[in-house]
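J.: File entry-v1.cif below, mmCIF, C-alpha atoms and all ligand atoms:
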```
data_upload
loop_
_atom_site.label_atom_id
_atom_site.label_comp_id
_atom_site.auth_asym_id
_atom_site.auth_seq_id
_atom_site.Cartn_x
_atom_site.Cartn_y
_atom_site.Cartn_z
CA MET A 36 13.31 2.04 -20.20
CA ALA A 37 11.48 -0.29 -17.83
CA ALA A 38 8.10 -1.63 -18.95
CA VAL A 39 5.03 0.04 -17.53
CA ALA A 40 2.38 -2.21 -15.97
CA ILE A 41 -0.31 0.31 -15.03
CA GLU A 42 -1.04 3.84 -16.20
CA VAL A 43 -3.94 5.60 -14.58
CA GLN A 44 -4.65 8.85 -16.40
CA GLY A 45 -6.73 11.52 -14.71
CA ILE A 46 -9.53 9.27 -13.52
CA ARG A 47 -12.54 10.60 -11.66
CA LYS A 48 -15.45 8.68 -10.24
CA GLN A 49 -18.53 10.22 -8.76
CA PHE A 50 -21.29 8.34 -7.02
CA GLY A 51 -24.76 9.80 -6.59
CA THR A 52 -26.02 13.17 -7.73
CA GLY A 53 -26.76 16.62 -6.30
CA LYS A 54 -26.11 17.05 -2.59
CA ARG A 55 -25.52 13.34 -2.13
CA GLN A 56 -22.75 13.34 -4.70
CA ILE A 57 -19.47 11.75 -3.59
CA LYS A 58 -16.22 12.21 -5.44
CA ALA A 59 -14.71 8.83 -4.68
CA VAL A 60 -11.80 9.40 -7.08
CA ASP A 61 -10.82 12.92 -8.03
CA ASP A 62 -8.37 13.36 -10.90
CA LEU A 63 -6.05 10.53 -10.00
CA THR A 64 -2.98 9.82 -12.09
CA LEU A 65 -0.25 7.28 -11.48
CA THR A 66 2.24 5.07 -13.27
CA VAL A 67 3.37 1.70 -12.01
CA ALA A 68 6.54 0.30 -13.58
CA ALA A 69 6.67 -3.47 -14.02
CA GLY A 70 8.68 -5.67 -11.67
CA GLN A 71 7.99 -4.05 -8.34
CA VAL A 72 5.64 -4.06 -5.39
CA TYR A 73 3.68 -0.82 -5.59
CA GLY A 74 1.68 0.29 -2.56
CA PHE A 75 -1.51 2.27 -2.77
CA LEU A 76 -1.87 3.71 0.68
CA GLY A 77 -4.76 5.65 2.12
CA PRO A 78 -7.23 5.83 4.99
CA ASN A 79 -10.72 4.29 4.90
CA GLY A 80 -12.83 5.84 2.19
CA ALA A 81 -9.83 7.34 0.37
CA GLY A 82 -10.85 5.74 -2.91
CA LYS A 83 -8.55 2.72 -3.07
CA THR A 84 -11.13 0.05 -3.89
CA THR A 85 -12.91 2.32 -6.35
CA THR A 86 -9.61 2.96 -8.18
CA ILE A 87 -8.83 -0.76 -8.23
CA ARG A 88 -12.28 -1.53 -9.64
CA ILE A 89 -11.67 1.02 -12.38
CA ILE A 90 -8.23 -0.43 -13.14
CA LEU A 91 -9.84 -3.86 -13.51
CA ASP A 92 -12.61 -2.46 -15.73
CA LEU A 93 -15.25 -3.58 -13.23
CA ILE A 94 -16.68 -0.07 -13.12
CA ARG A 95 -16.33 2.85 -15.49
CA PRO A 96 -14.64 6.08 -14.50
CA THR A 97 -16.66 9.28 -14.87
CA GLN A 98 -13.56 10.62 -16.62
CA GLY A 99 -10.06 9.47 -17.50
CA ALA A 100 -8.59 6.20 -18.70
CA VAL A 101 -6.50 3.24 -17.63
CA ARG A 102 -3.84 1.46 -19.63
CA LEU A 103 -2.31 -1.87 -18.70
CA PHE A 104 0.99 -2.89 -20.34
CA GLY A 105 0.55 0.06 -22.66
CA GLN A 106 -2.94 -0.82 -23.90
CA PRO A 107 -6.32 0.64 -22.96
CA VAL A 108 -8.13 -1.62 -20.53
CA ARG A 109 -11.68 -0.81 -21.61
CA GLN A 110 -13.30 -3.86 -23.15
CA ASN A 111 -10.00 -5.58 -23.63
CA ASN A 112 -10.54 -9.02 -22.13
CA ARG A 113 -7.36 -10.45 -23.56
CA LEU A 114 -5.41 -7.87 -21.64
CA LEU A 115 -7.21 -8.65 -18.41
CA ARG A 116 -6.15 -12.27 -18.72
CA ARG A 117 -2.65 -11.11 -17.76
CA VAL A 118 -4.05 -9.71 -14.52
CA GLY A 119 -5.00 -11.55 -11.33
CA ALA A 120 -6.91 -9.73 -8.64
CA LEU A 121 -8.26 -9.92 -5.15
CA VAL A 122 -10.86 -7.20 -4.62
CA GLU A 123 -12.78 -6.28 -1.49
CA GLY A 124 -16.03 -8.21 -1.16
CA ALA A 125 -15.06 -11.03 -3.52
CA THR A 126 -17.26 -14.05 -2.87
CA CYS A 127 -16.96 -17.76 -3.32
CA TYR A 128 -19.41 -20.64 -3.41
CA PRO A 129 -20.03 -21.36 0.31
CA TYR A 130 -21.04 -25.00 -0.13
CA LEU A 131 -18.03 -25.90 -2.24
CA THR A 132 -14.61 -26.60 -0.77
CA GLY A 133 -11.75 -24.17 -1.24
CA ARG A 134 -10.17 -26.49 -3.79
CA LYS A 135 -13.44 -26.88 -5.70
CA ASN A 136 -13.90 -23.12 -5.74
CA LEU A 137 -10.47 -22.69 -7.35
CA GLU A 138 -11.30 -25.46 -9.79
CA VAL A 139 -14.52 -23.74 -10.87
CA LEU A 140 -12.68 -20.46 -11.36
CA ALA A 141 -9.84 -22.08 -13.26
CA ARG A 142 -12.20 -23.96 -15.58
CA SER A 143 -14.20 -20.84 -16.33
CA GLY A 144 -10.94 -19.02 -17.09
CA GLY A 145 -9.78 -21.89 -19.29
CA TYR A 146 -6.65 -22.67 -17.30
CA PHE A 147 -7.54 -25.70 -15.21
CA GLU A 148 -4.60 -27.78 -13.99
CA PRO A 149 -5.05 -29.84 -10.79
CA GLY A 150 -1.32 -29.74 -10.01
CA ARG A 151 -1.25 -25.98 -10.21
CA ILE A 152 -4.21 -25.68 -7.83
CA GLN A 153 -2.46 -27.89 -5.30
CA SER A 154 0.77 -25.89 -5.50
CA LEU A 155 -1.14 -22.61 -5.11
CA LEU A 156 -2.96 -23.97 -2.08
CA GLU A 157 0.40 -24.87 -0.60
CA LEU A 158 1.82 -21.45 -1.50
CA VAL A 159 -0.90 -19.62 0.45
CA GLY A 160 -0.80 -22.10 3.34
CA MET A 161 -4.26 -23.57 2.74
CA ALA A 162 -3.41 -27.10 1.58
CA ASP A 163 -4.59 -28.70 4.82
CA ARG A 164 -7.92 -26.85 4.80
CA ALA A 165 -8.63 -26.98 1.08
CA ASP A 166 -11.14 -29.81 1.28
CA ARG A 167 -13.55 -28.12 3.66
CA PRO A 168 -16.53 -26.10 2.47
CA THR A 169 -15.66 -22.40 2.40
CA ARG A 170 -18.75 -21.47 4.44
CA GLY A 171 -16.74 -22.54 7.48
CA TYR A 172 -13.67 -20.44 6.55
CA SER A 173 -12.50 -17.55 8.71
CA THR A 174 -11.86 -14.12 7.14
CA GLY A 175 -8.15 -14.88 6.95
CA MET A 176 -8.72 -18.26 5.30
CA LYS A 177 -10.99 -16.67 2.68
CA GLN A 178 -8.34 -14.05 2.11
CA ARG A 179 -5.67 -16.68 1.48
CA LEU A 180 -7.96 -18.53 -0.90
CA GLY A 181 -8.61 -15.22 -2.66
CA VAL A 182 -4.89 -14.73 -3.21
CA ALA A 183 -4.60 -18.25 -4.62
CA ALA A 184 -7.50 -17.43 -6.93
CA ALA A 185 -5.72 -14.27 -8.08
CA LEU A 186 -2.70 -16.35 -9.09
CA LEU A 187 -4.61 -19.08 -10.95
CA GLY A 188 -4.08 -17.66 -14.41
CA ASP A 189 -0.31 -17.14 -13.89
CA PRO A 190 -0.76 -13.35 -14.16
CA ASP A 191 1.97 -10.84 -14.97
CA LEU A 192 0.21 -8.27 -12.82
CA VAL A 193 -1.34 -9.07 -9.45
CA ILE A 194 -3.69 -6.53 -7.91
CA LEU A 195 -4.49 -7.08 -4.26
CA ASP A 196 -6.95 -4.93 -2.34
CA GLU A 197 -5.86 -5.02 1.32
CA PRO A 198 -4.26 -8.47 1.05
CA THR A 199 -3.49 -8.85 4.76
CA ASN A 200 -7.01 -7.92 5.84
CA GLY A 201 -8.22 -10.42 8.44
CA LEU A 202 -4.90 -12.21 8.79
CA ASP A 203 -3.28 -12.84 12.16
CA PRO A 204 0.30 -11.55 12.71
CA ALA A 205 1.89 -14.80 11.50
CA GLY A 206 -0.44 -14.87 8.51
CA MET A 207 0.48 -11.27 7.67
CA GLN A 208 4.15 -12.15 7.70
CA ASP A 209 3.56 -15.13 5.40
CA MET A 210 1.53 -12.95 3.06
CA ARG A 211 4.23 -10.27 2.93
CA ALA A 212 6.88 -12.86 2.18
CA LEU A 213 4.66 -14.37 -0.50
CA ILE A 214 4.08 -10.99 -2.14
CA ARG A 215 7.82 -10.28 -2.28
CA ARG A 216 8.42 -13.70 -3.85
CA LEU A 217 5.84 -13.00 -6.56
CA VAL A 218 8.03 -10.09 -7.61
CA ASP A 219 11.58 -11.07 -6.67
CA GLU A 220 11.49 -14.72 -7.72
CA GLN A 221 8.66 -14.89 -10.22
CA GLY A 222 9.10 -11.55 -11.95
CA ARG A 223 5.51 -10.39 -11.58
CA THR A 224 4.27 -6.90 -10.70
CA VAL A 225 2.17 -6.44 -7.58
CA PHE A 226 -0.10 -3.48 -6.96
CA LEU A 227 -1.58 -3.58 -3.48
CA SER A 228 -3.73 -1.30 -1.42
CA SER A 229 -3.36 -0.89 2.28
CA HIS A 230 -4.14 1.46 5.10
CA MET A 231 -1.32 -0.01 7.12
CA LEU A 232 1.78 2.07 7.03
CA ASN A 233 4.18 -0.46 8.44
CA GLU A 234 2.99 -2.98 5.90
CA VAL A 235 3.70 -0.70 2.98
CA GLU A 236 7.00 0.26 4.53
CA GLN A 237 7.99 -3.39 4.83
CA ILE A 238 7.09 -4.73 1.41
CA CYS A 239 6.69 -1.96 -1.13
CA ASP A 240 9.30 -0.50 -3.43
CA ARG A 241 7.18 2.49 -4.31
CA VAL A 242 4.09 4.04 -2.87
CA ALA A 243 1.33 6.48 -3.74
CA ILE A 244 -0.37 8.03 -0.74
CA ILE A 245 -3.96 8.95 -1.44
CA ASN A 246 -6.59 10.85 0.45
CA ARG A 247 -10.07 11.90 -0.67
CA GLY A 248 -9.56 10.41 -4.10
CA ARG A 249 -6.33 12.27 -4.84
CA VAL A 250 -2.66 11.32 -4.82
CA ILE A 251 -0.96 13.50 -2.26
CA ARG A 252 2.54 11.98 -2.46
CA GLU A 253 4.20 9.46 -4.70
CA GLY A 254 7.65 8.00 -4.74
CA ASP A 255 10.24 5.49 -3.73
CA VAL A 256 9.43 4.29 -0.20
CA LYS A 257 12.98 4.71 1.09
CA ALA A 258 13.41 8.11 -0.51
CA LEU A 259 10.11 9.35 0.90
CA LEU A 260 11.13 8.21 4.34
CA THR A 261 14.56 9.78 4.32
CA GLU A 262 13.11 12.98 2.89
CA LYS A 263 12.77 14.24 6.43
CA THR A 264 15.10 13.47 9.29
CA ARG A 265 15.58 15.06 12.65
CA LEU A 266 18.00 14.91 15.53
CA ARG A 267 17.01 14.03 19.05
CA ILE A 268 19.35 15.64 21.54
CA GLU A 269 19.62 14.98 25.23
CA ALA A 270 21.34 17.93 26.89
CA GLU A 271 21.50 19.90 30.11
CA PRO A 272 20.32 22.50 30.89
CA LEU A 273 17.58 21.99 28.32
CA PRO A 274 16.21 25.57 27.97
CA ALA A 275 19.69 26.97 27.40
CA ALA A 276 20.48 24.26 24.86
CA MET A 277 17.33 24.99 22.88
CA ALA A 278 17.84 28.74 23.10
CA CYS A 279 21.40 28.41 21.79
CA LEU A 280 20.23 26.55 18.65
CA GLN A 281 16.86 28.23 18.04
CA PRO A 282 18.23 31.05 15.89
CA HIS A 283 19.40 28.46 13.34
CA TRP A 284 17.09 25.48 13.65
CA THR A 285 13.58 24.67 14.84
CA ALA A 286 13.65 22.93 18.23
CA ARG A 287 10.82 21.18 20.08
CA ALA A 288 11.10 19.80 23.58
CA ASP A 289 10.63 16.05 24.07
CA GLY A 290 9.88 15.75 27.79
CA ASP A 291 12.22 17.70 30.06
CA ALA A 292 15.53 16.07 29.19
CA ALA A 293 15.62 16.13 25.39
CA PHE A 294 14.50 18.02 22.32
CA TYR A 295 14.03 17.46 18.61
CA LEU A 296 15.87 19.56 16.09
CA ASP A 297 14.91 19.76 12.42
CA ALA A 298 18.37 19.01 11.09
CA GLY A 299 20.23 16.31 9.21
CA ARG A 300 23.14 14.05 10.08
CA GLU A 301 25.73 16.29 8.41
CA GLN A 302 24.86 19.12 10.78
CA ALA A 303 25.36 17.09 13.96
CA PRO A 304 29.06 17.94 14.57
CA GLN A 305 28.41 21.66 14.19
CA ILE A 306 25.46 21.46 16.58
CA VAL A 307 27.44 19.59 19.22
CA GLN A 308 30.25 22.15 18.94
CA ARG A 309 27.86 25.04 19.44
CA LEU A 310 26.34 23.41 22.49
CA ALA A 311 29.76 22.61 23.97
CA ALA A 312 30.94 26.18 23.33
CA SER A 313 27.99 27.45 25.38
CA GLY A 314 28.90 25.21 28.29
CA ILE A 315 26.02 22.80 27.71
CA GLN A 316 26.36 19.11 28.57
CA VAL A 317 25.42 16.85 25.67
CA TYR A 318 24.51 13.28 26.61
CA GLN A 319 23.16 11.86 23.41
CA VAL A 320 22.49 12.80 19.79
CA THR A 321 20.46 10.42 17.63
CA LEU A 322 19.32 10.73 14.04
CA GLN A 323 15.65 9.88 13.59
CA ARG A 324 13.94 8.96 10.39
CA GLN A 325 10.37 10.01 9.99
CA THR A 326 8.18 6.92 10.17
CA LEU A 327 5.69 6.37 7.41
CA GLU A 328 3.04 6.97 10.05
CA GLU A 329 4.25 10.49 10.77
CA PHE A 330 4.79 11.04 7.10
CA PHE A 331 1.28 9.92 6.32
CA LEU A 332 -0.33 12.06 9.02
CA GLN A 333 1.62 15.07 7.85
CA ALA A 334 0.91 14.43 4.17
CA THR A 335 -2.83 13.91 4.71
CA GLN A 336 -3.05 17.05 6.83
CA GLU A 337 -1.29 19.05 4.15
CA GLY A 338 -3.58 17.53 1.55
CA ALA A 339 -6.74 18.37 3.50
N1 LIG B 401 -21.06 2.07 -5.12
C1 LIG B 401 -20.93 3.17 -4.39
N2 LIG B 401 -21.95 4.04 -4.22
C2 LIG B 401 -21.80 5.17 -3.50
N3 LIG B 401 -20.65 5.53 -2.89
C3 LIG B 401 -19.60 4.71 -3.00
C4 LIG B 401 -19.67 3.49 -3.75
N4 LIG B 401 -18.46 2.88 -3.69
C5 LIG B 401 -17.67 3.68 -2.94
N5 LIG B 401 -18.36 4.78 -2.52
C6 LIG B 401 -17.80 5.90 -1.72
O1 LIG B 401 -16.60 6.32 -2.32
C7 LIG B 401 -15.60 6.63 -1.36
C8 LIG B 401 -14.36 5.79 -1.60
O2 LIG B 401 -14.67 4.45 -1.30
P1 LIG B 401 -13.62 3.25 -1.50
O3 LIG B 401 -14.32 1.99 -1.18
O4 LIG B 401 -12.98 3.36 -2.83
O5 LIG B 401 -12.54 3.59 -0.37
P2 LIG B 401 -11.31 2.71 0.17
O6 LIG B 401 -10.12 3.59 0.09
O7 LIG B 401 -11.28 1.40 -0.52
O8 LIG B 401 -11.69 2.52 1.71
P3 LIG B 401 -11.44 1.27 2.71
O9 LIG B 401 -10.04 1.44 3.25
O10 LIG B 401 -12.45 1.49 3.78
O11 LIG B 401 -11.64 0.00 1.95
C9 LIG B 401 -16.26 6.43 -0.01
O12 LIG B 401 -16.75 7.67 0.43
C10 LIG B 401 -17.40 5.47 -0.32
O13 LIG B 401 -18.45 5.66 0.58
MG MG B 402 -11.42 -0.53 0.11
#
```
Could you show the structure in this file as structure tokens?
T.:
Amino acid sequence: MAAVAIEVQGIRKQFGTGKRQIKAVDDLTLTVAAGQVYGFLGPNGAGKTTTIRIILDLIRPTQGAVRLFGQPVRQNNRLLRRVGALVEGATCYPYLTGRKNLEVLARSGGYFEPGRIQSLLELVGMADRADRPTRGYSTGMKQRLGVAAALLGDPDLVILDEPTNGLDPAGMQDMRALIRRLVDEQGRTVFLSSHMLNEVEQICDRVAIINRGRVIREGDVKALLTEKTRLRIEAEPLPAAMACLQPHWTARADGDAAFYLDAGREQAPQIVQRLAASGIQVYQVTLQRQTLEEFFLQATQEGA
């Protein structure tokens, strides 16, 4: 059996009391196997950062527990040394350079090595800007430095809260490639949060979709996406084509030349035959995968 990096067991977190009470995390459970990129996807305010803070033992859950590599995380500093993290709102010393900031962090963690700092700066594409004070850094530059900081202690598990936040398109691509390398080449586990569907679709092996502090779907990214397919059919005359298939499938018009049919690839030949038998002209049949975007909208609506 594959090793388990993170186990979140029924955690809840409430902020405030009485009418002002907010359930930021509401009975959330998930398991992250080691050696993969795991996406934690949800809209603003879904509870991603709160969950990450609980996983890192920065705040206490109202209920529930977290285990990392099979051990409880509460007051287990040795365990947290195997974890590197970039969390929303992390700060650095503004008057120190990027390099100096990493140095301070590395010394306080007891793993200072100048060579390693230089190679991390190169890895995140900050080597040429490392000797400027961080007060002049852009959001994206701070983000890159934050990722370097997360990797300082050579962690087995890397937790990144919205790692591409503030990056330009090229920077996002670099970051995605870097995250894959951390797993594919260096054998680490990455747990990242995002509200960007295409990002999760591009880099994650598995995903948990959360909304209002609860997991509404969880699974292999590819499997979740192929869970639902549909056919787009261009045919003439359109009303007759839809009427001929309606008894067996659900059809929805897409403009006045095509329609969507809730059906899979294996049903396409049968559908085309039916249409042809009714004297309908078929111009095109394409199989469409649900995008993560559609999936997400549907899943969050169902969860609401
Ligand atoms: N310290 C706090 N005090 C009160 N409410 C809080 C606190 N931290 C978070 N919340 C509330 O908990 C909910 C979840 O917030 P959280 O920051 O975990 O969401 P998120 O998924 O990270 O959102 P985003 O995508 O915007 O970063 C929100 O309603 C937020 O207002
Ligand atoms: Mg957040």
J.: Mind giving me the straight-line distance from atom P2 of ligand LIG 401 (chain B) to CA of Thr84 (chain A) in Å, one decimal?
T.: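 Atom-to-atom, atom P2 of ligand LIG 401 (chain B) and CA of Thr84 (chain A) are spaced 4.9 Å apart.
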J.: Please list, as a list in words, the residues that have an atom at most 9 Å away from (-4.2, -16.5, -2.1) in the coordinates of this file, counting all atoms listed in the file.
T.: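 Taken together, the residues in range are Leu121, Leu155, Leu156, Leu158, Val159, Gly160, Met161, Met176, Lys177, Gln178, Arg179, Leu180, Gly181, Val182, Ala183, Ala184, Ala185, Leu186, Pro198 and Met210 of chain A.
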J.: Take the residues from that selection and put them in a file with C-alpha atoms, as a short mmCIF file (atom, residue, chain, number, x, y, z; two decimals), in the coordinates of the input.
T.:
```
data_model
loop_
_atom_site.label_atom_id
_atom_site.label_comp_id
_atom_site.auth_asym_id
_atom_site.auth_seq_id
_atom_site.Cartn_x
_atom_site.Cartn_y
_atom_site.Cartn_z
CA LEU A 121 -8.26 -9.92 -5.15
CA LEU A 155 -1.14 -22.61 -5.11
CA LEU A 156 -2.96 -23.97 -2.08
CA LEU A 158 1.82 -21.45 -1.50
CA VAL A 159 -0.90 -19.62 0.45
CA GLY A 160 -0.80 -22.10 3.34
CA MET A 161 -4.26 -23.57 2.74
CA MET A 176 -8.72 -18.26 5.30
CA LYS A 177 -10.99 -16.67 2.68
CA GLN A 178 -8.34 -14.05 2.11
CA ARG A 179 -5.67 -16.68 1.48
CA LEU A 180 -7.96 -18.53 -0.90
CA GLY A 181 -8.61 -15.22 -2.66
CA VAL A 182 -4.89 -14.73 -3.21
CA ALA A 183 -4.60 -18.25 -4.62
CA ALA A 184 -7.50 -17.43 -6.93
CA ALA A 185 -5.72 -14.27 -8.08
CA LEU A 186 -2.70 -16.35 -9.09
CA PRO A 198 -4.26 -8.47 1.05
CA MET A 210 1.53 -12.95 3.06
#
```
J.: How many Å lie between CA of Ala81 (chain A) and atom C5 of ligand LIG 401 (chain B), rounded to one decimal?
T.: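 Here the two named atoms are 9.3 Å from each other.
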J.: Could you list as a PyMOL selection string every residue that has an atom within 9 Å of (-6.3, -31.8, -0.6), using the file's coordinates and counting only C-alpha atoms?
T.: chain A and resi 134+153+156+162-166
J.: What's the separation between CA of Asp189 (chain A) and CA of Gly119 (chain A), in Å to one decimal place?
T.: 7.7 Å
J.: Give one line per residue of chain A that approaches ligand LIG 401 (chain B) to at most 7 Å, naming the two atoms of the closest pair and their distance in Å to one decimal, counting all atoms listed in the file; sort by chain then ascending residue number and deliver it as a Markdown table.
T.:
```
| residue | atom | partner | partner_atom | distance |
| --- | --- | --- | --- | --- |
| A:Phe50 | CA | B:LIG401 | C2 | 4.8 |
| A:Gly51 | CA | B:LIG401 | C2 | 6.3 |
| A:Ile57 | CA | B:LIG401 | O1 | 6.3 |
| A:Lys58 | CA | B:LIG401 | O1 | 6.7 |
| A:Ala59 | CA | B:LIG401 | O1 | 3.9 |
| A:Gly77 | CA | B:LIG401 | O6 | 6.1 |
| A:Pro78 | CA | B:LIG401 | O9 | 5.5 |
| A:Asn79 | CA | B:LIG401 | O9 | 3.4 |
| A:Gly80 | CA | B:LIG401 | O5 | 3.4 |
| A:Ala81 | CA | B:LIG401 | O6 | 3.8 |
| A:Gly82 | CA | B:LIG401 | O4 | 3.2 |
| A:Lys83 | CA | B:LIG401 | O6 | 3.6 |
| A:Thr84 | CA | B:LIG401 | O7 | 3.6 |
| A:Thr85 | CA | B:LIG401 | O4 | 3.7 |
| A:Thr86 | CA | B:LIG401 | O4 | 6.3 |
| A:His230 | CA | B:LIG401 | O9 | 6.2 |
```
J.: Leaving out Gly188 (chain A) and any residue of its chain fewer than 5 positions from it, which residues lie within 12 Å of it when counting only C-alpha atoms, given as a ChimeraX atom specification?
T.: /A:115-120,137-138,140-148,151-152,155,182-183,193
J.: Name all residues at most 9 Å from Met231 (chain A) (count all atoms listed in the file; drop same-chain ones fewer than 4 positions away) and give them as a PyMOL selection string.
T.: chain A and resi 76-78+197+235-236+328
J.: Could you check the closest approach to ligand MG 402 (chain B) for each of A:Val139, A:Leu63, A:Leu131, A:Leu227 and tell me which residue wins, using only C-alpha atoms and all ligand atoms?
T.: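 Among the listed residues, A:Leu227 lies closest to ligand MG 402 (chain B).
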J.: Write out as lines of an AutoDock Vina configuration file an axis-aligned box for region 50-57 of chain A: all of its atoms listed in the file, 4 Å added on each side, centre and edge lengths in Å with one decimal.
T.:
```
center_x = -23.1
center_y = 12.7
center_z = -4.9
size_x = 15.3
size_y = 16.7
size_z = 13.6
```
J.: Given the choices A:Asn200, A:Gln305, A:Ser173, A:Gln325, which gets closest to Lys257 (chain A) if the distance is worked out from only C-alpha atoms?
T.: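 Looking at the shortest contact to Lys257 (chain A), the residue is A:Gln325.
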J.: Smallest atom-to-atom distance to Val218 (chain A): which of A:Gln56, A:Val72, A:Arg88, A:Ala312, using all atoms listed in the file?
T.: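 Between A:Gln56, A:Val72, A:Arg88, A:Ala312, the residue approaching Val218 (chain A) most closely is A:Val72.
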J.: Counting all atoms listed in the file, which of A:Gln316, A:Gln323, A:Ser229, A:Thr335 gets nearest to ligand MG 402 (chain B)?
T.: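 Nearest to ligand MG 402 (chain B): A:Ser229.
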J.: Dump region 121-186 of chain A with C-alpha atoms to a file, as a CSV table (one decimal), in the first residue's frame.
T.:
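Resulting contents of out_3.csv:
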```
chain,number,residue,atom,x,y,z
A,121,LEU,CA,3.8,28.6,1.6
A,122,VAL,CA,0.7,30.0,3.3
A,123,GLU,CA,-1.4,33.1,2.4
A,124,GLY,CA,-0.2,36.2,4.0
A,125,ALA,CA,3.4,34.9,4.8
A,126,THR,CA,5.7,37.9,5.4
A,127,CYS,CA,9.4,38.5,5.0
A,128,TYR,CA,11.8,41.1,6.3
A,129,PRO,CA,11.3,44.0,3.9
A,130,TYR,CA,14.7,45.6,4.4
A,131,LEU,CA,16.6,42.4,3.8
A,132,THR,CA,17.3,41.0,0.4
A,133,GLY,CA,15.6,37.8,-0.8
A,134,ARG,CA,18.7,35.8,-0.3
A,135,LYS,CA,19.2,37.2,3.2
A,136,ASN,CA,15.6,36.4,4.0
A,137,LEU,CA,16.2,32.7,3.0
A,138,GLU,CA,19.4,32.7,5.0
A,139,VAL,CA,17.6,33.9,8.2
A,140,LEU,CA,14.9,31.3,7.7
A,141,ALA,CA,17.4,28.5,7.0
A,142,ARG,CA,19.5,29.4,10.1
A,143,SER,CA,16.5,29.5,12.4
A,144,GLY,CA,15.5,26.1,11.0
A,145,GLY,CA,19.0,24.7,11.5
A,146,TYR,CA,19.6,23.9,7.8
A,147,PHE,CA,21.7,26.7,6.5
A,148,GLU,CA,23.8,25.9,3.4
A,149,PRO,CA,24.7,28.8,1.0
A,150,GLY,CA,24.9,26.5,-2.0
A,151,ARG,CA,21.4,25.2,-1.4
A,152,ILE,CA,20.0,28.7,-1.2
A,153,GLN,CA,21.6,29.7,-4.5
A,154,SER,CA,20.2,26.6,-6.2
A,155,LEU,CA,16.7,27.2,-4.8
A,156,LEU,CA,16.9,30.8,-6.0
A,157,GLU,CA,17.8,29.5,-9.5
A,158,LEU,CA,15.0,26.9,-9.3
A,159,VAL,CA,12.3,29.5,-8.7
A,160,GLY,CA,13.8,31.9,-11.2
A,161,MET,CA,14.9,34.6,-8.7
A,162,ALA,CA,18.7,34.3,-8.8
A,163,ASP,CA,19.1,37.6,-10.6
A,164,ARG,CA,16.8,39.5,-8.2
A,165,ALA,CA,18.0,37.8,-5.0
A,166,ASP,CA,20.2,40.6,-3.8
A,167,ARG,CA,17.6,43.3,-3.8
A,168,PRO,CA,15.6,44.2,-0.7
A,169,THR,CA,12.2,42.4,-0.7
A,170,ARG,CA,10.3,45.6,0.0
A,171,GLY,CA,10.7,46.3,-3.7
A,172,TYR,CA,9.4,42.9,-4.8
A,173,SER,CA,6.2,42.4,-6.8
A,174,THR,CA,3.6,40.0,-5.6
A,175,GLY,CA,4.9,37.4,-8.0
A,176,MET,CA,8.5,37.8,-6.9
A,177,LYS,CA,7.4,37.4,-3.2
A,178,GLN,CA,5.5,34.3,-4.2
A,179,ARG,CA,8.5,32.8,-5.9
A,180,LEU,CA,10.7,33.6,-2.9
A,181,GLY,CA,8.0,32.0,-0.7
A,182,VAL,CA,8.2,28.8,-2.7
A,183,ALA,CA,12.0,28.7,-2.3
A,184,ALA,CA,11.5,29.2,1.4
A,185,ALA,CA,9.1,26.3,1.5
A,186,LEU,CA,11.8,24.1,0.0
```
